[in-house]
Amino acid sequence: EEITSPLRHPTAALVRITFHGCCDRTPNIDRLAQDGVKLTQHLAASPLCTPSRAAFLTGRYPIRSGMASYGHVGVFIISAASGGLPREEITFARILKDQGYKTALIGKWHQGLSCEHRGDHCHHPRVHGFDHFYGIPMTNLRDCQPGHGSIFYAAFAHVPYGKLLATLGGLVALHTAGARVAARRLATGLAALLLAMVGLLCVFILTFADLNCFLMRGEEVVEQPYVAENLTQRMTGEAVEFLERNSDVPFLLFFSFLQVHTGLFASPRFRGKSRHGLYGDVVTEVDWCVGQIMKTLERLELKEKTLVYLTSDQGPHLEEISVHGEVHHGYSGIYRAGKSTNWEGGIRVPGIFHWPGKLPAGKVIDEPTSNMDLFPSVVNLAGASIPSDRKIDGHDLMPLLQGRVARSDHEFMFHYCNANLNAVRWHPANSTSLWKALFFTPNFYPENTTGCFHMHICHCIDPFITHHDPPLLFDLSKDPSESKPLSPATEPNFHSIVGVMVDAAKAHEQGVEPVPEQLTLQHHLWKPWLQPCCSTLGQLCRCKRDHRQGVIEAEVEVHVE
């Protein structure tokens with residue numbers, strides 16, 4: 001097969017699926033892999049959406065942009081929060097726009113929205129280089145779908161009932177001992193505080209969809225809350241129209257699916273098509289939409305001019321079980337655990353590059369690569385310069401994809417759990433070994449599982465983790481499932497290997513310059529003056545004025561295994 005030199009100013013279509021790993025065959029995605037290059041050790045820079053996306057857009061570990069949390073919550077949850085990807089960060093979209101590209105983001109953003117008032121949109125996709133935006137600024141949660149319950153029900157499980165009962169018992173004892181006034185006042189105050197907390201949480205859950213699950217076109221809210229039933233179809237239609245409008249100019253299309261993030265939804269035409277339930281239906285629809293993008297490129301004679309890249313935010317969210325007991329999560333295969341952890345199941349993601357005539361068909365690369373590598377890859381292809389005033393952690397993948405080099409430029413890779421350095425990966429030169437050291441691991445519950453089912457997601461701080469000194473060491477080239485940690489008894493060079501990785505981690509951390517954190521409690525708190533609202537708060541901001549209401553006609557062919 002003849003491979004020619006890359007075009008100058010090629011077009012680019014980037015497809016990002018929130019998380020995947022399932023059951024039904026995906027013929028269109030499979031065809032992309034068969035006709036392109038598949039990366040088997042493609043890694044997300046974070047096991048959570050917000051920091052993973054920040055790294056993808058900027059080519060930098062999220063700790064460098066402040067998009068990594070030091071607390072419990074590692075992603076943006078509400079729309080009236082003030083944190084977000086700082087304007088000072090440079091995204092590949094901004095660079096390509098400066099090079100004359102037409103740029104669009106369709107789908108999920110999840111990088112913040114406003115700073116000081118609800119109209120400033122200081123974190124909006126437009127600020128970061130996207131001419132056109134049609135999608136949701138936050139994320140898709142089960143709270144956004146009627147009848148799917150709430151992820152916040154888990155908060156009731158964390159109320160310290162034992163301590164409250166002990167306190168009440170102490171007050172009763174005081175009352176019995178004669179301190180009647182003080183005990184009565186304390187008991188009344190404690191009861192009032194508890195009722196207020198529960199009441200606020202109930203109001204938050206009941207109004208969440210109205211205030212946070214909305215659709216924007218450009219900088220205007222056009223549907224609040226959004227109607228999910230045909231939203232994937234609407235977004236696919238929007239993507240097709242963007243390609244048709246810009247077929248004669250260089251373009252960058254970033255199609256960021258809301259799916260297969262929960263709460264799950266599928267268009268009526270796809271419901272009930274999979275034997276694997278709603279999750280399978282959603283995967284089938286996403287695959288069909290990928291096929292529509294590829295058919296459009298072919299119809300517009302853009303296939304040979306367009307680099308197509310498909311990936312995911314992170315691994316599957318294994319704790320997702322619906323309120324009706326239906327499995328709403330993907331599958332990690334041989335890899336351990338899933339989303340929110342730095343076990344391989346949480347950070348190994350699909351990596352498919354497709355570009356007929358420029359990339360070899362059917363090539364499989366087993367070298368470690370990162371979502372961050374897209375930044376320098378597309379910037380160089382566009383004929384622009386990599387920013388020299390900041391550290392870029394990604395590496396240009398084109399030499400590796402085209403076979404001009406055999407090894408990845410990543411000798412060391414660093415895996416963060418929020419803002420905490422969780423693990424180091426080392427691929428030594430002139431070696432087939434791939435070492436991974438974990439400094440701490442999440443405490444799974446129940447213990448015989450690989451998830452944190454009592455909290456809906458695993459956390460990165462004490463008391464939810466176990467520290468390891470020395471760190472847990474694995475050779476992923478022999479044990480990709482991370483099932484047998486090595487020791488000095490099983491690996492003669494254990495101490496020297498761990499020493500090199502610890503030194504690399506220290507050097508890396510010393511090179512991280514402190515920046516303002518965007519995911520602090522202050523940034524997370526609801527601020528009424530930032531609340532996007534397309535009607536009035538009295539109407540719970542509800543409106544429906546999106547002109548795109550039709551569903552693309554689809555002939556659905558489902559393959560089951």
# chains A, B, ... in the order shown; residues from 1 in each chain; ligands from 1
call {"tool": "residues_around", "arguments": {"residues": "Thr91 of chain A", "least_positions_apart": "3", "cutoff": "7 Å", "atoms": "only C-alpha atoms", "output": "PDB file with N, CA, C and O atoms, in the first residue's frame"}}
result
ATOM      1  N   LEU A  57      -7.639  18.769  24.845  1.00  0.00           N
ATOM      2  CA  LEU A  57      -7.723  20.033  24.108  1.00  0.00           C
ATOM      3  C   LEU A  57      -6.406  20.795  24.107  1.00  0.00           C
ATOM      4  O   LEU A  57      -6.090  21.493  23.133  1.00  0.00           O
ATOM      5  N   THR A  58      -5.630  20.676  25.183  1.00  0.00           N
ATOM      6  CA  THR A  58      -4.430  21.498  25.342  1.00  0.00           C
ATOM      7  C   THR A  58      -3.130  20.744  25.147  1.00  0.00           C
ATOM      8  O   THR A  58      -2.065  21.367  25.041  1.00  0.00           O
ATOM      9  N   ARG A  94      -8.110  26.635  18.779  1.00  0.00           N
ATOM     10  CA  ARG A  94      -7.725  28.042  18.616  1.00  0.00           C
ATOM     11  C   ARG A  94      -6.593  28.182  17.607  1.00  0.00           C
ATOM     12  O   ARG A  94      -6.590  29.091  16.770  1.00  0.00           O
ATOM     13  N   ILE A  95      -5.646  27.272  17.670  1.00  0.00           N
ATOM     14  CA  ILE A  95      -4.522  27.340  16.727  1.00  0.00           C
ATOM     15  C   ILE A  95      -5.001  27.102  15.300  1.00  0.00           C
ATOM     16  O   ILE A  95      -4.627  27.828  14.367  1.00  0.00           O
ATOM     17  N   HIS A 128     -12.362  29.361  23.243  1.00  0.00           N
ATOM     18  CA  HIS A 128     -11.263  28.421  23.043  1.00  0.00           C
ATOM     19  C   HIS A 128     -11.129  27.950  21.599  1.00  0.00           C
ATOM     20  O   HIS A 128     -10.520  26.910  21.336  1.00  0.00           O
TER      21      HIS A 128
END
call {"tool": "residues_around", "arguments": {"residues": "segment 374-387 of chain A", "least_positions_apart": "6", "cutoff": "8 Å", "atoms": "only C-alpha atoms", "output": "number ranges by chain"}}
result
A: 6-10, 56-59, 91-92, 95-96, 99, 394-398
call {"tool": "write_last_selection", "arguments": {"atoms": "all heavy atoms", "output": "compact mmCIF listing (two decimals), in the first residue's frame"}}
result
# COMPACT_ATOMS: atom_id res chain seq x y z
N PRO A 6 1.70 13.67 4.16
CA PRO A 6 0.48 14.33 4.60
C PRO A 6 0.21 15.62 3.83
O PRO A 6 1.15 16.32 3.41
CB PRO A 6 0.76 14.63 6.08
CG PRO A 6 1.78 13.64 6.48
CD PRO A 6 2.64 13.44 5.26
N LEU A 7 -1.07 15.92 3.64
CA LEU A 7 -1.45 17.17 3.00
C LEU A 7 -1.17 18.33 3.93
O LEU A 7 -1.20 18.20 5.15
CB LEU A 7 -2.96 17.15 2.70
CG LEU A 7 -3.50 16.13 1.71
CD1 LEU A 7 -5.02 16.16 1.73
CD2 LEU A 7 -3.00 16.45 0.32
N ARG A 8 -0.92 19.48 3.35
CA ARG A 8 -0.86 20.69 4.15
C ARG A 8 -2.29 21.19 4.33
O ARG A 8 -3.06 21.23 3.39
CB ARG A 8 0.01 21.75 3.47
CG ARG A 8 0.22 23.01 4.34
CD ARG A 8 1.20 23.96 3.66
NE ARG A 8 1.37 25.19 4.42
CZ ARG A 8 2.16 25.32 5.48
NH1 ARG A 8 2.83 24.27 5.91
NH2 ARG A 8 2.28 26.47 6.11
N HIS A 9 -2.65 21.55 5.54
CA HIS A 9 -4.00 21.98 5.88
C HIS A 9 -5.05 20.91 5.57
O HIS A 9 -6.04 21.19 4.89
CB HIS A 9 -4.36 23.29 5.16
CG HIS A 9 -3.43 24.42 5.46
ND1 HIS A 9 -3.21 24.86 6.74
CD2 HIS A 9 -2.67 25.19 4.65
CE1 HIS A 9 -2.35 25.87 6.71
NE2 HIS A 9 -2.00 26.09 5.45
N PRO A 10 -4.85 19.67 6.02
CA PRO A 10 -5.91 18.68 5.84
C PRO A 10 -7.10 19.02 6.74
O PRO A 10 -6.97 19.77 7.71
CB PRO A 10 -5.25 17.38 6.29
CG PRO A 10 -4.27 17.82 7.33
CD PRO A 10 -3.74 19.16 6.84
N PHE A 56 -6.84 16.70 26.61
CA PHE A 56 -7.04 16.44 25.18
C PHE A 56 -6.98 17.74 24.37
O PHE A 56 -6.32 17.82 23.33
CB PHE A 56 -8.38 15.74 25.01
CG PHE A 56 -8.86 15.61 23.60
CD1 PHE A 56 -8.26 14.73 22.71
CD2 PHE A 56 -9.96 16.34 23.15
CE1 PHE A 56 -8.71 14.59 21.41
CE2 PHE A 56 -10.43 16.21 21.87
CZ PHE A 56 -9.80 15.34 20.99
N LEU A 57 -7.64 18.77 24.85
CA LEU A 57 -7.72 20.03 24.11
C LEU A 57 -6.41 20.80 24.11
O LEU A 57 -6.09 21.49 23.13
CB LEU A 57 -8.82 20.91 24.71
CG LEU A 57 -10.26 20.46 24.48
CD1 LEU A 57 -11.20 21.14 25.47
CD2 LEU A 57 -10.68 20.76 23.04
N THR A 58 -5.63 20.68 25.18
CA THR A 58 -4.43 21.50 25.34
C THR A 58 -3.13 20.74 25.15
O THR A 58 -2.07 21.37 25.04
CB THR A 58 -4.40 22.13 26.75
OG1 THR A 58 -4.31 21.08 27.73
CG2 THR A 58 -5.65 22.96 27.01
N GLY A 59 -3.19 19.40 25.14
CA GLY A 59 -1.96 18.61 25.03
C GLY A 59 -1.13 18.63 26.30
O GLY A 59 0.05 18.29 26.28
N THR A 91 -5.82 25.87 23.02
CA THR A 91 -6.34 24.62 22.51
C THR A 91 -5.95 24.44 21.05
O THR A 91 -5.63 25.41 20.35
CB THR A 91 -7.88 24.58 22.60
OG1 THR A 91 -8.42 25.56 21.70
CG2 THR A 91 -8.34 24.88 24.03
N PHE A 92 -6.01 23.20 20.56
CA PHE A 92 -5.72 22.98 19.14
C PHE A 92 -6.76 23.66 18.27
O PHE A 92 -6.46 24.07 17.14
CB PHE A 92 -5.62 21.48 18.82
CG PHE A 92 -6.81 20.64 19.18
CD1 PHE A 92 -8.00 20.72 18.47
CD2 PHE A 92 -6.73 19.74 20.22
CE1 PHE A 92 -9.08 19.93 18.80
CE2 PHE A 92 -7.81 18.93 20.55
CZ PHE A 92 -9.00 19.04 19.85
N ILE A 95 -5.65 27.27 17.67
CA ILE A 95 -4.52 27.34 16.73
C ILE A 95 -5.00 27.10 15.30
O ILE A 95 -4.63 27.83 14.37
CB ILE A 95 -3.43 26.32 17.12
CG1 ILE A 95 -2.79 26.73 18.45
CG2 ILE A 95 -2.37 26.22 16.03
CD1 ILE A 95 -1.76 25.75 18.96
N LEU A 96 -5.87 26.10 15.10
CA LEU A 96 -6.35 25.82 13.75
C LEU A 96 -7.25 26.94 13.24
O LEU A 96 -7.23 27.26 12.04
CB LEU A 96 -7.09 24.48 13.72
CG LEU A 96 -6.20 23.28 13.32
CD1 LEU A 96 -5.07 23.06 14.31
CD2 LEU A 96 -7.04 22.02 13.15
N GLN A 99 -5.22 29.47 11.80
CA GLN A 99 -4.65 29.02 10.52
C GLN A 99 -5.68 29.06 9.39
O GLN A 99 -5.38 28.64 8.27
CB GLN A 99 -4.13 27.58 10.66
CG GLN A 99 -2.90 27.44 11.54
CD GLN A 99 -1.67 28.12 10.96
OE1 GLN A 99 -1.23 29.15 11.47
NE2 GLN A 99 -1.14 27.58 9.87
N GLY A 394 2.07 16.19 25.16
CA GLY A 394 1.80 15.28 24.06
C GLY A 394 2.93 15.27 23.05
O GLY A 394 3.78 16.17 23.01
N HIS A 395 2.96 14.24 22.20
CA HIS A 395 3.96 14.10 21.14
C HIS A 395 3.27 13.85 19.80
O HIS A 395 2.22 13.20 19.75
CB HIS A 395 4.92 12.95 21.44
CG HIS A 395 5.73 13.13 22.69
ND1 HIS A 395 6.82 13.97 22.75
CD2 HIS A 395 5.60 12.60 23.93
CE1 HIS A 395 7.34 13.94 23.96
NE2 HIS A 395 6.61 13.11 24.70
N ASP A 396 3.86 14.38 18.74
CA ASP A 396 3.31 14.19 17.41
C ASP A 396 3.29 12.70 17.07
O ASP A 396 4.32 12.02 17.10
CB ASP A 396 4.17 14.95 16.39
CG ASP A 396 3.56 14.97 15.00
OD1 ASP A 396 2.60 14.21 14.75
OD2 ASP A 396 4.04 15.73 14.15
N LEU A 397 2.10 12.19 16.73
CA LEU A 397 1.95 10.77 16.46
C LEU A 397 2.19 10.38 15.01
O LEU A 397 2.29 9.18 14.72
CB LEU A 397 0.53 10.32 16.85
CG LEU A 397 0.24 10.11 18.34
CD1 LEU A 397 -1.23 9.77 18.54
CD2 LEU A 397 1.13 9.03 18.92
N MET A 398 2.27 11.33 14.10
CA MET A 398 2.33 10.98 12.68
C MET A 398 3.52 10.08 12.34
O MET A 398 3.36 9.11 11.58
CB MET A 398 2.33 12.24 11.82
CG MET A 398 0.98 12.95 11.77
SD MET A 398 -0.38 11.87 11.24
CE MET A 398 0.12 11.53 9.56
call {"tool": "closest_atom_pairs", "arguments": {"of": "segment 213-250 of chain A", "to": "segment 298-317 of chain A", "cutoff": "9 Å", "atoms": "only C-alpha atoms", "output": "Markdown table"}}
result
| residue | atom | partner | partner_atom | distance |
| --- | --- | --- | --- | --- |
| A:Leu243 | CA | A:Leu300 | CA | 8.3 |
| A:Glu244 | CA | A:Leu300 | CA | 7.4 |
| A:Ser247 | CA | A:Leu300 | CA | 6.8 |
call {"tool": "residues_around", "arguments": {"residues": "Tyr101 of chain A", "least_positions_apart": "4", "cutoff": "7 Å", "atoms": "only C-alpha atoms", "output": "PyMOL selection string"}}
result
chain A and resi 96-97+250-252
call {"tool": "residues_around", "arguments": {"residues": "Phe439 of chain A", "least_positions_apart": "5", "cutoff": "10 Å", "atoms": "only C-alpha atoms", "output": "ChimeraX atom specification"}}
result
/A:420-424,466-473,502
call {"tool": "write_last_selection", "arguments": {"atoms": "N, CA and C atoms", "output": "PDB file, in the first residue's frame"}}
result
ATOM      1  N   ASN A 420      -3.762  14.424  42.353  1.00  0.00           N
ATOM      2  CA  ASN A 420      -2.804  13.586  43.051  1.00  0.00           C
ATOM      3  C   ASN A 420      -2.120  12.630  42.080  1.00  0.00           C
ATOM      4  N   LEU A 421      -0.792  12.658  42.069  1.00  0.00           N
ATOM      5  CA  LEU A 421      -0.045  11.752  41.198  1.00  0.00           C
ATOM      6  C   LEU A 421      -0.228  10.325  41.713  1.00  0.00           C
ATOM      7  N   ASN A 422      -0.914   9.527  40.937  1.00  0.00           N
ATOM      8  CA  ASN A 422      -1.356   8.211  41.359  1.00  0.00           C
ATOM      9  C   ASN A 422      -0.427   7.095  40.876  1.00  0.00           C
ATOM     10  N   ALA A 423       0.109   7.246  39.654  1.00  0.00           N
ATOM     11  CA  ALA A 423       0.892   6.148  39.081  1.00  0.00           C
ATOM     12  C   ALA A 423       1.863   6.686  38.039  1.00  0.00           C
ATOM     13  N   VAL A 424       2.888   5.893  37.753  1.00  0.00           N
ATOM     14  CA  VAL A 424       3.886   6.212  36.726  1.00  0.00           C
ATOM     15  C   VAL A 424       4.019   5.004  35.807  1.00  0.00           C
ATOM     16  N   THR A 466      -5.863   3.392  49.624  1.00  0.00           N
ATOM     17  CA  THR A 466      -4.795   2.708  50.368  1.00  0.00           C
ATOM     18  C   THR A 466      -3.462   3.097  49.752  1.00  0.00           C
ATOM     19  N   HIS A 467      -2.547   3.604  50.562  1.00  0.00           N
ATOM     20  CA  HIS A 467      -1.229   4.009  50.080  1.00  0.00           C
ATOM     21  C   HIS A 467      -0.304   2.792  50.030  1.00  0.00           C
ATOM     22  N   HIS A 468       0.628   2.817  49.080  1.00  0.00           N
ATOM     23  CA  HIS A 468       1.558   1.699  48.914  1.00  0.00           C
ATOM     24  C   HIS A 468       3.001   2.213  48.920  1.00  0.00           C
ATOM     25  N   ASP A 469       3.779   1.742  49.877  1.00  0.00           N
ATOM     26  CA  ASP A 469       5.197   2.090  49.974  1.00  0.00           C
ATOM     27  C   ASP A 469       5.970   0.822  50.373  1.00  0.00           C
ATOM     28  N   PRO A 470       6.694   0.222  49.419  1.00  0.00           N
ATOM     29  CA  PRO A 470       6.916   0.689  48.050  1.00  0.00           C
ATOM     30  C   PRO A 470       5.641   0.578  47.207  1.00  0.00           C
ATOM     31  N   PRO A 471       5.619   1.270  46.072  1.00  0.00           N
ATOM     32  CA  PRO A 471       4.428   1.218  45.226  1.00  0.00           C
ATOM     33  C   PRO A 471       4.193  -0.176  44.656  1.00  0.00           C
ATOM     34  N   LEU A 472       2.939  -0.435  44.285  1.00  0.00           N
ATOM     35  CA  LEU A 472       2.637  -1.674  43.565  1.00  0.00           C
ATOM     36  C   LEU A 472       3.286  -1.600  42.190  1.00  0.00           C
ATOM     37  N   LEU A 473       3.979  -2.662  41.811  1.00  0.00           N
ATOM     38  CA  LEU A 473       4.700  -2.673  40.535  1.00  0.00           C
ATOM     39  C   LEU A 473       4.173  -3.800  39.652  1.00  0.00           C
ATOM     40  N   VAL A 502      10.275   6.422  40.784  1.00  0.00           N
ATOM     41  CA  VAL A 502      10.066   7.417  41.838  1.00  0.00           C
ATOM     42  C   VAL A 502      10.835   8.694  41.524  1.00  0.00           C
TER      43      VAL A 502
END
call {"tool": "residues_around", "arguments": {"residues": "segment 33-48 of chain A", "least_positions_apart": "3", "cutoff": "9 Å", "atoms": "only C-alpha atoms", "output": "PyMOL selection string"}}
result
chain A and resi 28-30+51-53+55-56+60-62+74-75+311-315+338-342+344+346-356+359-372+401-402+413-418
call {"tool": "select_by_dssp", "arguments": {"residues": "segment 93-254 of chain A", "states": "helix (DSSP H, G or I)", "output": "JSON, numbers by chain"}}
result
{"A": [93, 94, 95, 96, 97, 98, 125, 126, 127, 128, 142, 143, 144, 151, 152, 153, 154, 155, 156, 157, 158, 161, 162, 163, 164, 165, 166, 167, 168, 169, 170, 171, 172, 173, 174, 175, 176, 177, 180, 181, 182, 183, 184, 185, 186, 187, 188, 189, 190, 191, 192, 193, 194, 195, 196, 197, 198, 199, 200, 201, 202, 203, 204, 205, 206, 207, 208, 209, 210, 211, 212, 231, 232, 233, 234, 235, 236, 237, 238, 239, 240, 241, 242, 243, 244, 245]}
call {"tool": "atom_distance", "arguments": {"atom1": "atom CA of Gly237 of chain A", "atom2": "atom CA of Arg548 of chain A"}}
result
8.5 Å
call {"tool": "residues_around", "arguments": {"residues": "Gly277 of chain A", "least_positions_apart": "5", "cutoff": "10 Å", "atoms": "only C-alpha atoms", "output": "list of chain:residue names"}}
result
A:Arg271, A:Gly272, A:Val282, A:Glu326, A:Val327, A:His328
call {"tool": "residues_around", "arguments": {"residues": "Val240 of chain A", "least_positions_apart": "4", "cutoff": "9 Å", "atoms": "only C-alpha atoms", "output": "list in words"}}
result
Met235, Thr236, Glu244, Arg245, Gln292, Ile293, Thr296 and Leu297 of chain A
call {"tool": "atom_distance", "arguments": {"atom1": "atom CA of His456 of chain A", "atom2": "atom CA of Leu200 of chain A"}}
result
20.6 Å
call {"tool": "closest_residue", "arguments": {"among": "A:Arg542, A:His110, A:Lys478, A:Arg275", "to": "Thr207 of chain A", "atoms": "only C-alpha atoms"}}
result
A:Arg542
call {"tool": "select_by_dssp", "arguments": {"residues": "segment 227-281 of chain A", "states": "strand (DSSP E)", "output": "number ranges by chain"}}
result
A: 251-256
call {"tool": "write_last_selection", "arguments": {"atoms": "N, CA, C and O atoms", "output": "compact mmCIF listing (two decimals), in the first residue's frame"}}
result
# COMPACT_ATOMS: atom_id res chain seq x y z
N PHE A 251 -11.37 22.45 7.62
CA PHE A 251 -12.27 22.48 8.77
C PHE A 251 -11.78 21.53 9.86
O PHE A 251 -11.04 20.58 9.61
N LEU A 252 -12.24 21.83 11.07
CA LEU A 252 -12.03 20.97 12.23
C LEU A 252 -13.39 20.72 12.84
O LEU A 252 -14.05 21.66 13.31
N LEU A 253 -13.85 19.49 12.81
CA LEU A 253 -15.10 19.10 13.46
C LEU A 253 -14.77 18.22 14.66
O LEU A 253 -14.18 17.16 14.51
N PHE A 254 -15.16 18.67 15.83
CA PHE A 254 -15.03 17.90 17.05
C PHE A 254 -16.44 17.46 17.44
O PHE A 254 -17.23 18.25 17.96
N PHE A 255 -16.75 16.19 17.16
CA PHE A 255 -18.07 15.63 17.50
C PHE A 255 -17.91 14.85 18.79
O PHE A 255 -17.34 13.76 18.81
N SER A 256 -18.43 15.41 19.86
CA SER A 256 -18.24 14.85 21.20
C SER A 256 -19.59 14.29 21.69
O SER A 256 -20.43 15.01 22.20
call {"tool": "atom_distance", "arguments": {"atom1": "atom CA of Asp287 of chain A", "atom2": "atom CA of Arg269 of chain A"}}
result
13.8 Å
call {"tool": "closest_residue", "arguments": {"among": "A:His261, A:His132, A:His523, A:Arg25", "to": "Gly112 of chain A", "atoms": "only C-alpha atoms"}}
result
A:His523
